[in-house]
$ cat input.pdb   # PDB, C-alpha atoms
ATOM      1  CA  MET M  17     -12.542  19.670  38.198  1.00  0.00           C
ATOM      2  CA  LYS M  18     -15.812  18.846  36.450  1.00  0.00           C
ATOM      3  CA  MET M  19     -15.234  21.622  33.904  1.00  0.00           C
ATOM      4  CA  LYS M  20     -11.768  20.286  33.050  1.00  0.00           C
ATOM      5  CA  TRP M  21     -13.173  16.788  32.579  1.00  0.00           C
ATOM      6  CA  LEU M  22     -16.000  18.133  30.416  1.00  0.00           C
ATOM      7  CA  ALA M  23     -13.555  20.132  28.295  1.00  0.00           C
ATOM      8  CA  LEU M  24     -11.355  17.062  27.824  1.00  0.00           C
ATOM      9  CA  VAL M  25     -14.278  14.872  26.776  1.00  0.00           C
ATOM     10  CA  LEU M  26     -15.671  17.527  24.442  1.00  0.00           C
ATOM     11  CA  GLY M  27     -12.278  18.205  22.847  1.00  0.00           C
ATOM     12  CA  THR M  28     -11.607  14.517  22.315  1.00  0.00           C
ATOM     13  CA  SER M  29     -15.062  14.020  20.815  1.00  0.00           C
ATOM     14  CA  LEU M  30     -14.534  16.868  18.361  1.00  0.00           C
ATOM     15  CA  ALA M  31     -11.121  15.557  17.299  1.00  0.00           C
ATOM     16  CA  LEU M  32     -12.463  12.047  16.737  1.00  0.00           C
ATOM     17  CA  ALA M  33     -15.503  13.328  14.871  1.00  0.00           C
ATOM     18  CA  ALA M  34     -13.306  15.348  12.524  1.00  0.00           C
ATOM     19  CA  CYS M  35     -11.254  12.291  11.570  1.00  0.00           C
ATOM     20  CA  GLY M  36     -14.077   9.776  11.487  1.00  0.00           C
ATOM     21  CA  GLY M  37     -15.500   9.893   7.978  1.00  0.00           C
ATOM     22  CA  ASN M  38     -19.002   8.648   7.268  1.00  0.00           C
ATOM     23  CA  ASP M  39     -18.642   5.970   4.580  1.00  0.00           C
ATOM     24  CA  ASP M  40     -22.278   6.411   3.480  1.00  0.00           C
ATOM     25  CA  ALA M  41     -21.828  10.139   2.916  1.00  0.00           C
ATOM     26  CA  ALA M  42     -18.709   9.559   0.819  1.00  0.00           C
ATOM     27  CA  ASP M  43     -20.637   7.180  -1.431  1.00  0.00           C
ATOM     28  CA  LYS M  44     -23.359   9.776  -2.033  1.00  0.00           C
ATOM     29  CA  GLU M  45     -21.171  12.613  -3.345  1.00  0.00           C
ATOM     30  CA  PRO M  46     -22.552  14.317  -6.446  1.00  0.00           C
ATOM     31  CA  ALA M  47     -21.389  12.759  -9.707  1.00  0.00           C
ATOM     32  CA  SER M  48     -20.206  16.115 -11.046  1.00  0.00           C
ATOM     33  CA  GLU M  49     -17.819  16.527  -8.108  1.00  0.00           C
ATOM     34  CA  ASN M  50     -16.374  13.031  -8.640  1.00  0.00           C
ATOM     35  CA  SER M  51     -15.903  13.600 -12.362  1.00  0.00           C
ATOM     36  CA  GLU M  52     -13.934  16.776 -11.677  1.00  0.00           C
ATOM     37  CA  THR M  53     -11.509  15.020  -9.360  1.00  0.00           C
ATOM     38  CA  THR M  54     -10.970  12.059 -11.665  1.00  0.00           C
ATOM     39  CA  THR M  55      -9.295  14.338 -14.220  1.00  0.00           C
ATOM     40  CA  ALA M  56      -6.120  13.900 -12.210  1.00  0.00           C
ATOM     41  CA  GLY M  57      -3.910  16.745 -11.151  1.00  0.00           C
ATOM     42  CA  ALA M  58      -1.802  17.737  -8.168  1.00  0.00           C
ATOM     43  CA  GLY M  59      -4.214  20.586  -7.438  1.00  0.00           C
ATOM     44  CA  ASP M  60      -7.142  18.169  -7.338  1.00  0.00           C
ATOM     45  CA  ALA M  61      -5.278  15.792  -5.035  1.00  0.00           C
ATOM     46  CA  ALA M  62      -4.373  18.701  -2.756  1.00  0.00           C
ATOM     47  CA  LYS M  63      -8.034  19.779  -2.628  1.00  0.00           C
ATOM     48  CA  ILE M  64      -9.171  16.249  -1.789  1.00  0.00           C
ATOM     49  CA  TYR M  65      -6.506  16.077   0.928  1.00  0.00           C
ATOM     50  CA  GLU M  66      -7.593  19.458   2.301  1.00  0.00           C
ATOM     51  CA  ASN M  67     -11.260  18.379   2.426  1.00  0.00           C
ATOM     52  CA  LYS M  68     -10.790  14.868   3.788  1.00  0.00           C
ATOM     53  CA  CYS M  69      -7.433  14.706   5.611  1.00  0.00           C
ATOM     54  CA  SER M  70      -6.310  18.127   6.795  1.00  0.00           C
ATOM     55  CA  SER M  71      -8.489  18.111   9.909  1.00  0.00           C
ATOM     56  CA  CYS M  72      -6.116  15.503  11.367  1.00  0.00           C
ATOM     57  CA  HIS M  73      -2.902  15.972   9.374  1.00  0.00           C
ATOM     58  CA  ALA M  74      -3.084  19.803   8.958  1.00  0.00           C
ATOM     59  CA  VAL M  75      -3.275  21.701   5.681  1.00  0.00           C
ATOM     60  CA  ASN M  76       0.531  22.030   5.612  1.00  0.00           C
ATOM     61  CA  LEU M  77       0.977  18.248   6.249  1.00  0.00           C
ATOM     62  CA  GLU M  78       2.756  18.892   9.572  1.00  0.00           C
ATOM     63  CA  GLY M  79       0.342  16.775  11.571  1.00  0.00           C
ATOM     64  CA  GLY M  80      -1.862  17.396  14.546  1.00  0.00           C
ATOM     65  CA  VAL M  81      -4.115  14.595  15.693  1.00  0.00           C
ATOM     66  CA  GLY M  82      -2.635  12.504  12.847  1.00  0.00           C
ATOM     67  CA  PRO M  83       1.072  12.090  12.046  1.00  0.00           C
ATOM     68  CA  ASN M  84       3.293  14.477  10.103  1.00  0.00           C
ATOM     69  CA  LEU M  85       3.150  13.745   6.350  1.00  0.00           C
ATOM     70  CA  THR M  86       5.653  16.312   5.058  1.00  0.00           C
ATOM     71  CA  LYS M  87       8.150  13.575   4.089  1.00  0.00           C
ATOM     72  CA  VAL M  88       5.862  10.553   3.912  1.00  0.00           C
ATOM     73  CA  GLY M  89       7.054   9.765   0.363  1.00  0.00           C
ATOM     74  CA  SER M  90      10.561   9.068   1.648  1.00  0.00           C
ATOM     75  CA  LYS M  91       9.155   6.346   3.920  1.00  0.00           C
ATOM     76  CA  LEU M  92       6.191   4.923   1.990  1.00  0.00           C
ATOM     77  CA  SER M  93       5.529   4.223  -1.686  1.00  0.00           C
ATOM     78  CA  LYS M  94       2.344   5.272  -3.450  1.00  0.00           C
ATOM     79  CA  GLU M  95       1.048   1.707  -3.039  1.00  0.00           C
ATOM     80  CA  ASP M  96       1.842   1.710   0.687  1.00  0.00           C
ATOM     81  CA  ILE M  97       0.047   5.030   1.148  1.00  0.00           C
ATOM     82  CA  GLU M  98      -2.980   3.681  -0.750  1.00  0.00           C
ATOM     83  CA  LYS M  99      -3.066   0.687   1.618  1.00  0.00           C
ATOM     84  CA  VAL M 100      -3.059   2.998   4.656  1.00  0.00           C
ATOM     85  CA  ILE M 101      -5.879   5.064   3.136  1.00  0.00           C
ATOM     86  CA  ALA M 102      -7.896   1.937   2.304  1.00  0.00           C
ATOM     87  CA  ASN M 103      -7.292   0.006   5.545  1.00  0.00           C
ATOM     88  CA  GLY M 104      -6.680   2.776   8.058  1.00  0.00           C
ATOM     89  CA  GLN M 105      -3.836   2.755  10.560  1.00  0.00           C
ATOM     90  CA  GLY M 106      -3.595   3.632  14.243  1.00  0.00           C
ATOM     91  CA  GLY M 107      -6.472   6.002  14.968  1.00  0.00           C
ATOM     92  CA  MET M 108      -7.178   6.641  11.280  1.00  0.00           C
ATOM     93  CA  PRO M 109     -10.383   4.979  10.095  1.00  0.00           C
ATOM     94  CA  ARG M 110     -10.353   3.051   6.838  1.00  0.00           C
ATOM     95  CA  GLY M 111     -11.774   4.294   3.553  1.00  0.00           C
ATOM     96  CA  ILE M 112     -11.912   8.029   4.195  1.00  0.00           C
ATOM     97  CA  ILE M 113     -11.034   8.428   0.510  1.00  0.00           C
ATOM     98  CA  LYS M 114     -11.874   5.762  -2.062  1.00  0.00           C
ATOM     99  CA  GLY M 115     -11.116   4.777  -5.640  1.00  0.00           C
ATOM    100  CA  LYS M 116      -9.384   7.185  -7.979  1.00  0.00           C
ATOM    101  CA  GLU M 117      -9.387   9.932  -5.380  1.00  0.00           C
ATOM    102  CA  ALA M 118      -7.421   7.701  -2.975  1.00  0.00           C
ATOM    103  CA  SER M 119      -4.968   6.885  -5.741  1.00  0.00           C
ATOM    104  CA  MET M 120      -4.515  10.567  -6.631  1.00  0.00           C
ATOM    105  CA  VAL M 121      -3.894  11.571  -3.014  1.00  0.00           C
ATOM    106  CA  ALA M 122      -1.498   8.645  -2.503  1.00  0.00           C
ATOM    107  CA  GLU M 123       0.494   9.657  -5.590  1.00  0.00           C
ATOM    108  CA  TRP M 124       0.587  13.287  -4.447  1.00  0.00           C
ATOM    109  CA  LEU M 125       1.695  12.332  -0.936  1.00  0.00           C
ATOM    110  CA  ALA M 126       4.339   9.938  -2.305  1.00  0.00           C
ATOM    111  CA  GLU M 127       5.967  12.932  -4.013  1.00  0.00           C
ATOM    112  CA  HIS M 128       6.565  14.579  -0.620  1.00  0.00           C
ATOM    113  CA  LYS M 129      10.106  13.493   0.215  1.00  0.00           C
TER     114      LYS M 129
END
$ encode --input "input.pdb" --output "structure tokens"
Amino acid sequence: MKMKWLALVLGTSLALAACGGNDDAADKEPASENSETTTAGAGDAAKIYENKCSSCHAVNLEGGVGPNLTKVGSKLSKEDIEKVIANGQGGMPRGIIKGKEASMVAEWLAEHK
């Protein structure tokens, strides 16, 4: 019984840690990395998503800890998606992605209909 409880606590902790971004670390990314992602492109947005979001929403957008995003664009506009990224929603913490990167990912996700 103790092992099951320990496994549950450990698994939950790992899942929450994967989705809980450190705002300070995001602010300290190298300038060269930021400048590459600001030259917008679907590939760049997909890479940002893969690095920051896929641990909860899966690489293929089908969800896991976070909801399925395969058709999020049919439900939410780019602006709505940006608001969710900025403010968080449900178990998703706010500000995992910021600025132009958030806008790029929101635009890319809005295209998924």
$ atom_distance --input "input.pdb" --atom1 "atom CA of Cys72 of chain M" --atom2 "atom CA of Met19 of chain M"
25.1 Å
$ atom_distance --input "input.pdb" --atom1 "atom CA of Ile64 of chain M" --atom2 "atom CA of Gly104 of chain M"
16.9 Å
$ closest_residue --input "input.pdb" --among "M:Gly89, M:Ala74, M:Gly82, M:Lys94" --to "Met120 of chain M" --atoms "only C-alpha atoms"
M:Lys94
$ closest_residue --input "input.pdb" --among "M:Met108, M:Leu85, M:Ala61, M:Val75" --to "Val121 of chain M" --atoms "only C-alpha atoms"
M:Ala61
$ atom_distance --input "input.pdb" --atom1 "atom CA of Gly80 of chain M" --atom2 "atom CA of Glu95 of chain M"
23.7 Å
